[in-house]
$ cat input-v4.tsv   # TSV, C-alpha atoms and all ligand atoms
chain	number	residue	atom	x	y	z
A	80	MET	CA	59.76	54.39	20.16
A	81	PHE	CA	56.38	53.01	21.21
A	82	ARG	CA	55.92	55.99	23.52
A	83	ARG	CA	56.64	58.41	20.68
A	84	GLY	CA	54.12	56.53	18.51
A	85	LEU	CA	51.41	57.01	21.12
A	86	LEU	CA	52.31	60.67	21.51
A	87	TYR	CA	52.09	61.01	17.74
A	88	LEU	CA	48.58	59.46	17.88
A	89	SER	CA	47.61	61.94	20.62
A	90	GLU	CA	48.08	64.71	18.03
A	91	SER	CA	46.48	62.88	15.08
A	92	HIS	CA	42.94	63.84	14.02
A	93	GLY	CA	42.44	60.60	12.08
A	94	ALA	CA	43.38	58.42	15.05
A	95	LYS	CA	41.25	60.56	17.32
A	96	LYS	CA	38.20	60.05	15.11
A	97	LEU	CA	38.76	56.33	14.97
A	98	LEU	CA	39.57	55.73	18.63
A	99	THR	CA	37.07	58.02	20.32
A	100	GLY	CA	34.29	56.07	18.62
A	101	THR	CA	35.44	52.84	20.26
A	102	PRO	CA	33.51	51.96	23.42
A	103	LEU	CA	36.59	50.35	24.91
A	104	THR	CA	38.69	53.50	24.55
A	105	ARG	CA	35.94	55.40	26.30
A	106	THR	CA	35.82	52.84	29.07
A	107	MET	CA	39.61	52.94	29.36
A	108	SER	CA	39.44	56.68	29.86
A	109	LEU	CA	37.39	56.16	33.02
A	110	ARG	CA	40.53	54.84	34.60
A	111	PHE	CA	42.03	58.34	34.34
A	112	VAL	CA	38.96	60.60	34.19
A	113	PRO	CA	35.99	60.23	36.57
A	114	GLY	CA	33.45	61.37	33.96
A	115	GLU	CA	32.24	64.08	31.63
A	116	THR	CA	30.12	66.32	33.86
A	117	VAL	CA	30.73	68.79	36.69
A	118	ASP	CA	28.78	66.42	38.95
A	119	ASP	CA	31.19	63.58	38.06
A	120	LEU	CA	34.09	65.86	38.94
A	121	ILE	CA	32.60	67.04	42.23
A	122	GLY	CA	31.88	63.43	43.27
A	123	ALA	CA	35.55	62.59	42.70
A	124	VAL	CA	36.71	65.70	44.60
A	125	ARG	CA	34.54	64.81	47.60
A	126	GLU	CA	35.90	61.26	47.56
A	127	ALA	CA	39.52	62.44	47.34
A	128	ASN	CA	39.04	65.01	50.11
A	129	GLY	CA	37.49	62.27	52.23
A	130	GLN	CA	40.76	60.34	51.85
A	131	GLY	CA	42.85	63.32	52.95
A	132	LEU	CA	43.86	64.30	49.38
A	133	LYS	CA	43.71	67.82	48.01
A	134	VAL	CA	42.60	68.28	44.41
A	135	THR	CA	43.29	70.39	41.37
A	136	ALA	CA	40.40	70.10	38.90
A	137	ASN	CA	40.88	70.28	35.15
A	138	TYR	CA	38.22	70.72	32.49
A	139	LEU	CA	39.70	68.84	29.54
A	140	GLY	CA	40.37	70.83	26.40
A	141	GLU	CA	43.28	72.41	24.54
A	142	ALA	CA	44.12	74.18	21.29
A	143	VAL	CA	40.77	76.00	21.10
A	144	THR	CA	40.51	78.31	18.08
A	145	ASN	CA	36.86	79.31	18.37
A	146	ARG	CA	35.68	82.14	20.66
A	147	GLN	CA	32.45	80.44	21.71
A	148	GLN	CA	34.30	77.30	22.74
A	149	ALA	CA	36.84	79.30	24.73
A	150	GLN	CA	34.03	81.23	26.44
A	151	ALA	CA	32.17	78.00	27.16
A	152	ALA	CA	35.33	76.55	28.75
A	153	ALA	CA	35.63	79.64	30.97
A	154	ASP	CA	31.91	79.31	31.90
A	155	THR	CA	32.48	75.69	32.90
A	156	TYR	CA	35.37	76.77	35.12
A	157	LEU	CA	33.09	79.38	36.74
A	158	GLU	CA	30.61	76.62	37.54
A	159	VAL	CA	33.39	74.45	38.98
A	160	LEU	CA	34.67	77.33	41.12
A	161	ASP	CA	31.15	77.98	42.43
A	162	ARG	CA	30.71	74.35	43.40
A	163	ILE	CA	34.13	74.16	45.10
A	164	ASP	CA	33.34	77.34	47.02
A	165	ARG	CA	29.76	76.45	47.94
A	166	GLU	CA	30.65	72.95	49.10
A	167	GLY	CA	33.81	74.07	50.95
A	168	LEU	CA	35.99	71.57	49.03
A	169	ASP	CA	39.78	71.49	49.27
A	170	ALA	CA	40.46	72.08	45.58
A	171	GLY	CA	41.99	74.45	43.08
A	172	VAL	CA	41.77	74.36	39.30
A	173	SER	CA	44.29	73.68	36.51
A	174	LEU	CA	43.74	75.15	33.10
A	175	LYS	CA	45.47	75.66	29.79
A	176	PHE	CA	46.01	79.02	28.12
A	177	THR	CA	45.18	77.48	24.72
A	178	GLN	CA	41.78	76.43	26.08
A	179	MET	CA	41.05	80.01	27.17
A	180	GLY	CA	41.85	81.56	23.79
A	181	GLN	CA	45.62	82.00	23.57
A	182	ASP	CA	45.52	81.09	19.87
A	183	ILE	CA	42.67	83.57	19.19
A	184	ASP	CA	44.03	86.90	20.42
A	185	ASP	CA	45.65	88.35	23.51
A	186	ALA	CA	42.87	90.79	24.40
A	187	PHE	CA	40.27	88.02	24.17
A	188	LEU	CA	42.45	85.69	26.27
A	189	ARG	CA	42.85	88.28	29.00
A	190	GLU	CA	39.16	89.08	29.09
A	191	ASN	CA	38.05	85.44	29.10
A	192	LEU	CA	40.65	84.37	31.64
A	193	GLY	CA	40.03	87.48	33.78
A	194	ARG	CA	36.51	86.22	34.57
A	195	VAL	CA	37.90	82.93	35.88
A	196	LEU	CA	40.73	84.53	37.85
A	197	GLN	CA	38.40	87.06	39.47
A	198	ARG	CA	35.91	84.40	40.58
A	199	ALA	CA	38.73	82.21	41.87
A	200	ASP	CA	40.29	85.13	43.74
A	201	ASP	CA	36.96	86.09	45.32
A	202	ALA	CA	36.64	82.53	46.61
A	203	GLY	CA	40.32	82.21	47.62
A	204	ILE	CA	40.89	79.42	45.09
A	205	PHE	CA	44.25	78.76	43.44
A	206	VAL	CA	44.59	78.57	39.63
A	207	ARG	CA	47.40	76.58	38.05
A	208	PHE	CA	48.36	76.97	34.41
A	209	ASP	CA	49.31	73.62	32.90
A	210	MET	CA	52.31	73.60	30.58
A	211	GLU	CA	51.76	72.43	27.01
A	212	GLY	CA	54.14	71.50	24.17
A	213	SER	CA	57.42	73.40	23.77
A	214	ALA	CA	56.01	75.71	21.07
A	215	TYR	CA	53.86	77.24	23.83
A	216	VAL	CA	56.34	77.45	26.69
A	217	GLN	CA	57.66	80.99	26.13
A	218	ARG	CA	54.18	82.32	25.35
A	219	THR	CA	52.77	80.66	28.44
A	220	LEU	CA	55.47	82.10	30.68
A	221	ASP	CA	55.05	85.55	29.10
A	222	ALA	CA	51.27	85.39	29.60
A	223	PHE	CA	51.86	84.25	33.19
A	224	GLU	CA	54.24	87.14	33.91
A	225	THR	CA	51.73	89.61	32.44
A	226	LEU	CA	49.08	88.31	34.83
A	227	TRP	CA	51.58	88.49	37.69
A	228	ARG	CA	52.39	92.12	36.83
A	229	ASP	CA	48.63	92.82	36.73
A	230	GLY	CA	48.63	91.82	40.38
A	231	TRP	CA	47.16	88.31	40.33
A	232	ARG	CA	48.67	86.22	43.15
A	233	ASN	CA	46.34	83.22	43.19
A	234	ILE	CA	48.18	81.74	40.20
A	235	GLY	CA	51.04	79.34	39.50
A	236	VAL	CA	52.75	77.65	36.55
A	237	VAL	CA	54.10	74.24	35.56
A	238	LEU	CA	57.71	73.63	34.50
A	239	GLN	CA	58.92	70.48	32.76
A	240	ALA	CA	62.18	68.81	33.82
A	241	TYR	CA	62.84	67.38	30.32
A	242	LEU	CA	63.26	70.83	28.76
A	243	LYS	CA	66.80	72.11	28.56
A	244	ARG	CA	65.70	75.66	29.40
A	245	THR	CA	63.94	74.84	32.66
A	246	ALA	CA	66.71	75.69	35.16
A	247	GLY	CA	66.49	79.31	33.96
A	248	ASP	CA	62.69	79.30	34.24
A	249	VAL	CA	62.84	77.89	37.77
A	250	ALA	CA	65.23	80.69	38.78
A	251	ARG	CA	62.89	83.30	37.26
A	252	MET	CA	59.78	81.93	38.99
A	253	ASN	CA	61.63	81.80	42.31
A	254	GLU	CA	62.67	85.41	41.80
A	255	LEU	CA	59.01	86.38	41.27
A	256	GLY	CA	57.90	84.29	44.24
A	257	ALA	CA	55.51	82.32	42.02
A	258	ARG	CA	54.42	78.79	42.82
A	259	VAL	CA	55.74	76.10	40.47
A	260	ARG	CA	54.55	72.58	39.78
A	261	LEU	CA	57.52	70.51	38.61
A	262	CYS	CA	56.83	67.52	36.35
A	263	LYS	CA	58.88	65.50	33.84
A	264	GLY	CA	56.91	66.70	30.78
A	265	ALA	CA	54.36	64.75	28.74
A	266	TYR	CA	54.80	65.84	25.10
A	267	ARG	CA	56.76	64.61	22.09
A	268	GLU	CA	59.73	66.98	21.94
A	269	PRO	CA	62.79	67.06	19.69
A	270	PRO	CA	66.32	66.57	21.10
A	271	GLU	CA	67.18	70.23	20.40
A	272	VAL	CA	64.84	71.36	23.17
A	273	ALA	CA	64.35	68.35	25.44
A	274	VAL	CA	66.51	65.72	27.09
A	275	GLN	CA	65.41	62.32	25.75
A	276	GLU	CA	66.95	59.81	28.12
A	277	MET	CA	65.02	58.93	31.29
A	278	GLY	CA	68.11	58.87	33.54
A	279	ALA	CA	69.02	62.39	32.47
A	280	ILE	CA	65.42	63.60	32.90
A	281	ARG	CA	65.42	62.20	36.43
A	282	ARG	CA	68.73	63.93	37.23
A	283	ASN	CA	67.31	67.25	35.97
A	284	PHE	CA	64.18	66.68	38.02
A	285	VAL	CA	66.17	66.09	41.21
A	286	GLU	CA	68.29	69.23	40.71
A	287	LEU	CA	65.25	71.39	39.97
A	288	MET	CA	63.28	69.89	42.86
A	289	GLN	CA	66.10	70.81	45.24
A	290	VAL	CA	66.27	74.41	44.02
A	291	LEU	CA	62.49	74.76	44.29
A	292	LEU	CA	62.40	73.31	47.78
A	293	ARG	CA	65.25	75.53	48.96
A	294	GLU	CA	64.30	78.78	47.27
A	295	GLY	CA	60.78	78.46	45.87
A	296	VAL	CA	57.29	79.10	47.21
A	297	ARG	CA	55.28	76.01	48.08
A	298	PRO	CA	56.32	73.95	45.05
A	299	GLY	CA	54.30	71.00	43.77
A	300	ILE	CA	56.46	67.94	43.17
A	301	ALA	CA	54.41	66.17	40.50
A	302	THR	CA	55.51	62.61	39.88
A	303	HIS	CA	54.57	58.97	40.50
A	304	ASP	CA	58.17	57.90	40.05
A	305	GLU	CA	59.18	56.32	43.36
A	306	ARG	CA	62.83	57.17	42.82
A	307	LEU	CA	61.92	60.85	42.59
A	308	VAL	CA	59.48	60.68	45.49
A	309	ASP	CA	62.19	59.00	47.62
A	310	ALA	CA	64.80	61.56	46.51
A	311	THR	CA	62.40	64.33	47.58
A	312	LEU	CA	61.75	62.71	50.95
A	313	ARG	CA	65.47	62.24	51.58
A	314	PHE	CA	66.17	65.85	50.65
A	315	VAL	CA	63.47	67.40	52.85
A	316	ARG	CA	64.53	65.27	55.83
A	317	ARG	CA	68.18	66.11	55.36
A	318	GLU	CA	67.49	69.85	54.99
A	319	GLY	CA	64.85	69.92	57.72
A	320	ILE	CA	62.22	71.30	55.33
A	321	ASP	CA	58.78	71.44	56.91
A	322	PRO	CA	56.15	69.25	55.13
A	323	GLY	CA	53.88	72.33	55.08
A	324	ARG	CA	56.24	74.07	52.63
A	325	PHE	CA	55.55	71.83	49.61
A	326	GLU	CA	53.17	69.23	48.27
A	327	PHE	CA	53.32	66.10	46.18
A	328	GLN	CA	51.03	66.02	43.16
A	329	MET	CA	49.75	62.98	41.27
A	330	LEU	CA	47.17	62.13	38.65
A	331	TYR	CA	43.71	60.72	39.29
A	332	GLY	CA	43.79	56.94	38.89
A	333	VAL	CA	47.57	56.58	39.09
A	334	ARG	CA	49.42	55.10	42.09
A	335	ARG	CA	46.67	55.57	44.64
A	336	ASP	CA	48.67	53.38	47.00
A	337	LEU	CA	51.55	55.85	46.92
A	338	GLN	CA	49.20	58.82	47.32
A	339	GLN	CA	47.68	57.24	50.42
A	340	ARG	CA	51.04	56.22	51.88
A	341	LEU	CA	52.33	59.80	51.66
A	342	VAL	CA	49.17	61.19	53.28
A	343	GLU	CA	49.58	58.69	56.11
A	344	GLN	CA	53.16	59.89	56.58
A	345	GLY	CA	51.88	63.45	57.02
A	346	TYR	CA	52.68	64.90	53.57
A	347	ALA	CA	50.29	67.00	51.53
A	348	VAL	CA	49.22	65.26	48.30
A	349	ARG	CA	47.18	66.95	45.58
A	350	VAL	CA	45.45	64.89	42.92
A	351	TYR	CA	44.88	66.26	39.41
A	352	VAL	CA	41.31	65.33	38.50
A	353	PRO	CA	40.34	65.96	34.86
A	354	PHE	CA	36.79	65.75	33.54
A	355	GLY	CA	34.90	66.49	30.32
A	356	GLU	CA	34.25	65.12	26.86
A	357	LYS	CA	37.60	66.05	25.31
A	358	TRP	CA	39.53	63.20	26.89
A	359	TYR	CA	41.32	61.79	23.83
A	360	PRO	CA	44.75	63.57	23.92
A	361	TYR	CA	44.86	63.27	27.71
A	362	LEU	CA	44.24	59.51	27.53
A	363	MET	CA	46.87	59.01	24.83
A	364	ARG	CA	49.48	60.85	26.92
A	365	ARG	CA	48.65	58.62	29.89
A	366	LEU	CA	48.97	55.51	27.73
A	367	ALA	CA	52.32	56.74	26.45
A	368	GLU	CA	53.58	57.01	30.02
A	369	ARG	CA	52.85	53.38	30.71
A	370	PRO	CA	52.70	51.15	27.63
A	371	GLU	CA	51.40	48.27	29.80
A	372	ASN	CA	48.11	50.21	29.76
A	373	VAL	CA	47.89	49.56	26.03
A	374	ALA	CA	48.41	45.82	26.55
A	375	PHE	CA	45.57	45.95	29.07
A	376	MET	CA	43.39	47.76	26.56
A	377	VAL	CA	44.09	45.26	23.78
A	378	GLU	CA	43.52	42.36	26.18
A	379	SER	CA	40.15	43.83	27.16
A	380	MET	CA	39.27	44.36	23.49
A	381	VAL	CA	39.85	40.67	22.81
A	382	LYS	CA	37.84	39.70	25.87
A	383	ASP	CA	34.90	41.80	24.73
A	384	SER	CA	35.05	40.44	21.19
A	385	PRO	CA	33.09	37.35	20.02
A	386	LEU	CA	36.41	35.49	20.14
A	387	GLY	CA	36.93	36.30	23.80
A	388	VAL	CA	33.39	35.34	24.70
A	389	LEU	CA	33.81	32.07	22.77
A	390	PHE	CA	36.92	31.21	24.77
A	391	GLY	CA	35.28	32.27	28.01
A	392	SER	CA	37.81	34.98	28.83
A	393	SER	CA	35.31	37.68	29.69
A	394	ALA	CA	35.98	37.44	33.41
A	395	PRO	CA	37.25	40.77	34.74
A	396	GLY	CA	40.94	41.04	33.93
A	397	ALA	CA	43.61	42.69	36.01
A	398	GLY	CA	44.48	46.22	34.99
A	399	PRO	CA	48.19	46.95	34.84
A	400	ASP	CA	48.20	48.72	38.19
A	401	ARG	CA	45.40	46.84	39.89
A	402	THR	CA	47.31	45.64	42.89
A	403	ARG	CA	49.13	48.89	43.53
A	404	ASP	CA	46.43	51.38	42.64
A	405	GLY	CA	43.35	49.45	43.58
A	406	ALA	CA	42.05	51.58	40.70
A	407	ARG	CA	40.57	49.65	37.83
A	408	SER	CA	38.80	51.21	34.91
A	409	ARG	CA	35.20	51.49	36.00
A	410	SER	CA	33.12	50.24	33.14
A	411	ARG	CA	29.84	51.94	32.42
A	412	GLY	CA	29.03	49.40	29.79
A	413	SER	CA	29.63	49.85	26.12
A	414	GLY	CA	28.02	53.29	26.08
A	415	GLY	CA	30.43	54.47	28.78
A	416	SER	CA	31.79	57.93	28.80
A	417	HIS	CA	36.25	60.74	29.04
A	418	GLY	CA	37.85	57.61	29.04
B	1	LIG	C1	49.71	66.51	38.98
B	1	LIG	C2	50.36	66.39	37.64
B	1	LIG	C3	50.23	67.42	36.73
B	1	LIG	C4	50.87	67.36	35.50
B	1	LIG	N1	50.83	68.44	34.67
B	1	LIG	C5	51.54	68.42	33.52
B	1	LIG	C6	51.63	69.57	32.69
B	1	LIG	O1	51.06	70.64	32.96
B	1	LIG	N2	52.37	69.48	31.54
B	1	LIG	C7	53.04	68.32	31.20
B	1	LIG	O2	53.74	68.31	30.19
B	1	LIG	N3	52.94	67.21	31.98
B	1	LIG	C8	52.22	67.23	33.11
B	1	LIG	N4	52.17	66.10	33.89
B	1	LIG	C9	52.65	64.79	33.36
B	1	LIG	C10	54.11	64.57	33.63
B	1	LIG	O3	54.88	65.45	32.85
B	1	LIG	C11	54.51	63.11	33.32
B	1	LIG	O4	54.25	62.84	31.96
B	1	LIG	C12	53.78	62.08	34.16
B	1	LIG	O5	53.65	62.49	35.49
B	1	LIG	C13	54.56	60.74	34.16
B	1	LIG	O6	55.82	60.89	34.73
B	1	LIG	P1	56.19	60.36	36.21
B	1	LIG	O7	57.18	61.32	36.78
B	1	LIG	O8	54.97	60.17	36.98
B	1	LIG	O9	57.02	59.05	36.01
B	1	LIG	P2	56.88	57.74	35.15
B	1	LIG	O10	58.27	57.18	35.12
B	1	LIG	O11	56.16	57.97	33.89
B	1	LIG	O12	56.00	56.83	36.07
B	1	LIG	C14	56.44	56.26	37.28
B	1	LIG	C15	55.49	55.17	37.69
B	1	LIG	O13	54.19	55.75	37.93
B	1	LIG	C16	53.18	54.92	37.41
B	1	LIG	N5	52.55	55.63	36.28
B	1	LIG	C17	52.94	56.78	35.71
B	1	LIG	N6	52.10	57.17	34.74
B	1	LIG	C18	51.17	56.20	34.67
B	1	LIG	C19	50.04	56.00	33.86
B	1	LIG	N7	49.69	56.86	32.92
B	1	LIG	N8	49.30	54.88	34.08
B	1	LIG	C20	49.61	54.01	35.05
B	1	LIG	N9	50.67	54.14	35.84
B	1	LIG	C21	51.44	55.21	35.67
B	1	LIG	C22	53.86	53.66	36.96
B	1	LIG	O14	53.87	52.80	38.06
B	1	LIG	C23	55.25	54.12	36.62
B	1	LIG	O15	56.20	53.11	36.69
B	1	LIG	C24	51.59	66.18	35.15
B	1	LIG	C25	51.71	65.14	36.06
B	1	LIG	C26	51.13	65.24	37.29
B	1	LIG	C27	51.33	64.11	38.27

$ encode --input "input-v4.tsv" --output "structure tokens"
Amino acid sequence: MFRRGLLYLSESHGAKKLLTGTPLTRTMSLRFVPGETVDDLIGAVREANGQGLKVTANYLGEAVTNRQQAQAAADTYLEVLDRIDREGLDAGVSLKFTQMGQDIDDAFLRENLGRVLQRADDAGIFVRFDMEGSAYVQRTLDAFETLWRDGWRNIGVVLQAYLKRTAGDVARMNELGARVRLCKGAYREPPEVAVQEMGAIRRNFVELMQVLLREGVRPGIATHDERLVDATLRFVRREGIDPGRFEFQMLYGVRRDLQQRLVEQGYAVRVYVPFGEKWYPYLMRRLAERPENVAFMVESMVKDSPLGVLFGSSAPGAGPDRTRDGARSRSRGSGGSHG
């Protein structure tokens, strides 16, 4: 219920206006987003690569309905691709069709996206298309197949285990030979299209993971859920699947301990690093995944308030994942920044 409430807020313009103006929300976002600029992103990529982690970089933004904004998003991706290429970083990019102009028109989308795909292809960089809410799934897969038919091979999609249709989509992507990132799914979906119960989502995930590992092309197993990570490890050991044939994927700022442990065991781990000013819906989806994060946020709000100062509780508090992640929200002061 609480999770659905937060997902509702992620789509609400009123809540967005209210919350993005709050310094604490901005500071909180730094837990999940290293900053707003390309330099902030590149710093985080270098750091991750230094720890043996691969990266997929995401410029935050979705549901763009204005041509200039969609072109500006593509330009930012071109800059990111140049930096990755020039600095020899181990990184790809993740982007959303709706950020590139999917809601504007198809010809514009193809032209805008074509610039990014061409630059990425020239530099040998992989482009992943994130999956959005269920209203976009068919359109996203259609747009993906059009690009595939046009001959692009440096591209891959995301499929969500909570959707009832996903087994069919996995089979189709395996037939094409396209790379899939499998995740649970982060949006508020009705029971007609999505499984609601966590146990059933996990069971779907395990079945789809097994099909992808057996028949797919270098799938990305995207989860921080230890049960699913363990199920994947058991499966690849049992089937004798080479660690070079797949990768784990996790989000920046979440379960760094697990990311590091898998790297030490010889598995490839890719971290999704988002950056940019449009951090609000991304933050709300992350809060919805772990309601303890909200408690941490409220606790920090009280600490920063005159009441907290009065009662002397302004000492740094423990974030919900402090001990496991070693990743606390890095405060930049009250003017802090994509929190
Ligand atoms: C690389 C990557 C790319 C993704 N791309 C997409 C996409 O394109 N479309 C889409 O719909 N979804 C995407 N997601 C989100 C995904 O669908 C889930 O919402 C998200 O991964 C949480 O599910 P989980 O499997 O990690 O398990 P959960 O059961 O949510 O989490 C397991 C454990 O991980 C830790 N954890 C998880 N999330 C958080 C958090 N926010 N803060 C702190 N700790 C946390 C906690 O310890 C928790 O107990 C992506 C996820 C990843 C990792």

$ closest_residue --input "input-v4.tsv" --among "A:Val333, A:Val308, A:Leu157, A:Ala151" --to "Leu366 (chain A)" --atoms "all atoms listed in the file"
A:Val333

$ residues_around --input "input-v4.tsv" --residues "region 323-325 of chain A" --least-positions-apart "3" --cutoff "12 Å" --atoms "all atoms listed in the file" --output "JSON, numbers by chain"
{"A": [258, 259, 260, 261, 288, 289, 291, 292, 293, 294, 295, 296, 297, 298, 299, 300, 301, 311, 312, 315, 319, 320, 328, 345, 346, 347, 348, 349]}

$ closest_residue --input "input-v4.tsv" --among "A:Met252, A:Met363, A:Ala202, A:Ala127" --to "Leu220 (chain A)" --atoms "only C-alpha atoms"
A:Met252

$ closest_residue --input "input-v4.tsv" --among "A:Ala142, A:Val274, A:Val352, A:Ala367" --to "Arg110 (chain A)" --atoms "only C-alpha atoms"
A:Val352

$ closest_residue --input "input-v4.tsv" --among "A:Leu174, A:Leu120, A:Ala186, A:Val236" --to "Val159 (chain A)" --atoms "all atoms listed in the file"
A:Leu120

$ decode --input "input-v4.tsv" --residues "region 119-172 of chain A" --atoms "C-alpha atoms" --output "PDB file, in the first residue's frame"
ATOM      1  CA  ASP A 119      29.680  14.142 -11.868  1.00  0.00           C
ATOM      2  CA  LEU A 120      28.752  11.097 -13.927  1.00  0.00           C
ATOM      3  CA  ILE A 121      32.249  10.551 -15.297  1.00  0.00           C
ATOM      4  CA  GLY A 122      33.736  10.802 -11.784  1.00  0.00           C
ATOM      5  CA  ALA A 123      31.361   8.046 -10.641  1.00  0.00           C
ATOM      6  CA  VAL A 124      32.166   5.890 -13.687  1.00  0.00           C
ATOM      7  CA  ARG A 125      35.912   6.181 -13.047  1.00  0.00           C
ATOM      8  CA  GLU A 126      35.386   5.246  -9.399  1.00  0.00           C
ATOM      9  CA  ALA A 127      33.210   2.238 -10.277  1.00  0.00           C
ATOM     10  CA  ASN A 128      35.647   1.033 -12.949  1.00  0.00           C
ATOM     11  CA  GLY A 129      38.433   1.362 -10.386  1.00  0.00           C
ATOM     12  CA  GLN A 130      36.508  -1.092  -8.195  1.00  0.00           C
ATOM     13  CA  GLY A 131      36.143  -3.609 -11.029  1.00  0.00           C
ATOM     14  CA  LEU A 132      32.534  -2.623 -11.837  1.00  0.00           C
ATOM     15  CA  LYS A 133      31.225  -1.959 -15.327  1.00  0.00           C
ATOM     16  CA  VAL A 134      28.737   0.870 -15.790  1.00  0.00           C
ATOM     17  CA  THR A 135      25.665   1.783 -17.761  1.00  0.00           C
ATOM     18  CA  ALA A 136      25.122   5.550 -17.649  1.00  0.00           C
ATOM     19  CA  ASN A 137      21.677   7.123 -17.693  1.00  0.00           C
ATOM     20  CA  TYR A 138      20.805  10.765 -18.283  1.00  0.00           C
ATOM     21  CA  LEU A 139      17.639  11.180 -16.229  1.00  0.00           C
ATOM     22  CA  GLY A 140      14.498  12.172 -18.083  1.00  0.00           C
ATOM     23  CA  GLU A 141      11.294  10.614 -19.383  1.00  0.00           C
ATOM     24  CA  ALA A 142       7.986  11.526 -21.001  1.00  0.00           C
ATOM     25  CA  VAL A 143       9.474  14.362 -23.077  1.00  0.00           C
ATOM     26  CA  THR A 144       6.911  16.059 -25.328  1.00  0.00           C
ATOM     27  CA  ASN A 145       9.018  18.936 -26.623  1.00  0.00           C
ATOM     28  CA  ARG A 146      11.410  18.567 -29.592  1.00  0.00           C
ATOM     29  CA  GLN A 147      14.112  20.827 -28.181  1.00  0.00           C
ATOM     30  CA  GLN A 148      14.202  18.891 -24.929  1.00  0.00           C
ATOM     31  CA  ALA A 149      14.421  15.580 -26.759  1.00  0.00           C
ATOM     32  CA  GLN A 150      17.239  16.939 -28.950  1.00  0.00           C
ATOM     33  CA  ALA A 151      19.029  18.313 -25.897  1.00  0.00           C
ATOM     34  CA  ALA A 152      18.795  14.870 -24.241  1.00  0.00           C
ATOM     35  CA  ALA A 153      20.330  13.268 -27.346  1.00  0.00           C
ATOM     36  CA  ASP A 154      23.096  15.935 -27.336  1.00  0.00           C
ATOM     37  CA  THR A 155      23.872  15.124 -23.712  1.00  0.00           C
ATOM     38  CA  TYR A 156      24.158  11.447 -24.610  1.00  0.00           C
ATOM     39  CA  LEU A 157      26.574  12.365 -27.431  1.00  0.00           C
ATOM     40  CA  GLU A 158      28.733  14.189 -24.897  1.00  0.00           C
ATOM     41  CA  VAL A 159      28.613  11.197 -22.541  1.00  0.00           C
ATOM     42  CA  LEU A 160      29.574   8.815 -25.361  1.00  0.00           C
ATOM     43  CA  ASP A 161      32.499  11.058 -26.323  1.00  0.00           C
ATOM     44  CA  ARG A 162      33.779  11.117 -22.762  1.00  0.00           C
ATOM     45  CA  ILE A 163      33.433   7.335 -22.334  1.00  0.00           C
ATOM     46  CA  ASP A 164      35.275   6.804 -25.613  1.00  0.00           C
ATOM     47  CA  ARG A 165      37.999   9.397 -25.036  1.00  0.00           C
ATOM     48  CA  GLU A 166      38.726   8.215 -21.503  1.00  0.00           C
ATOM     49  CA  GLY A 167      38.558   4.503 -22.410  1.00  0.00           C
ATOM     50  CA  LEU A 168      35.940   3.820 -19.698  1.00  0.00           C
ATOM     51  CA  ASP A 169      34.149   0.491 -19.322  1.00  0.00           C
ATOM     52  CA  ALA A 170      30.621   1.841 -19.766  1.00  0.00           C
ATOM     53  CA  GLY A 171      27.553   1.744 -21.952  1.00  0.00           C
ATOM     54  CA  VAL A 172      24.472   3.946 -21.791  1.00  0.00           C
TER      55      VAL A 172
END
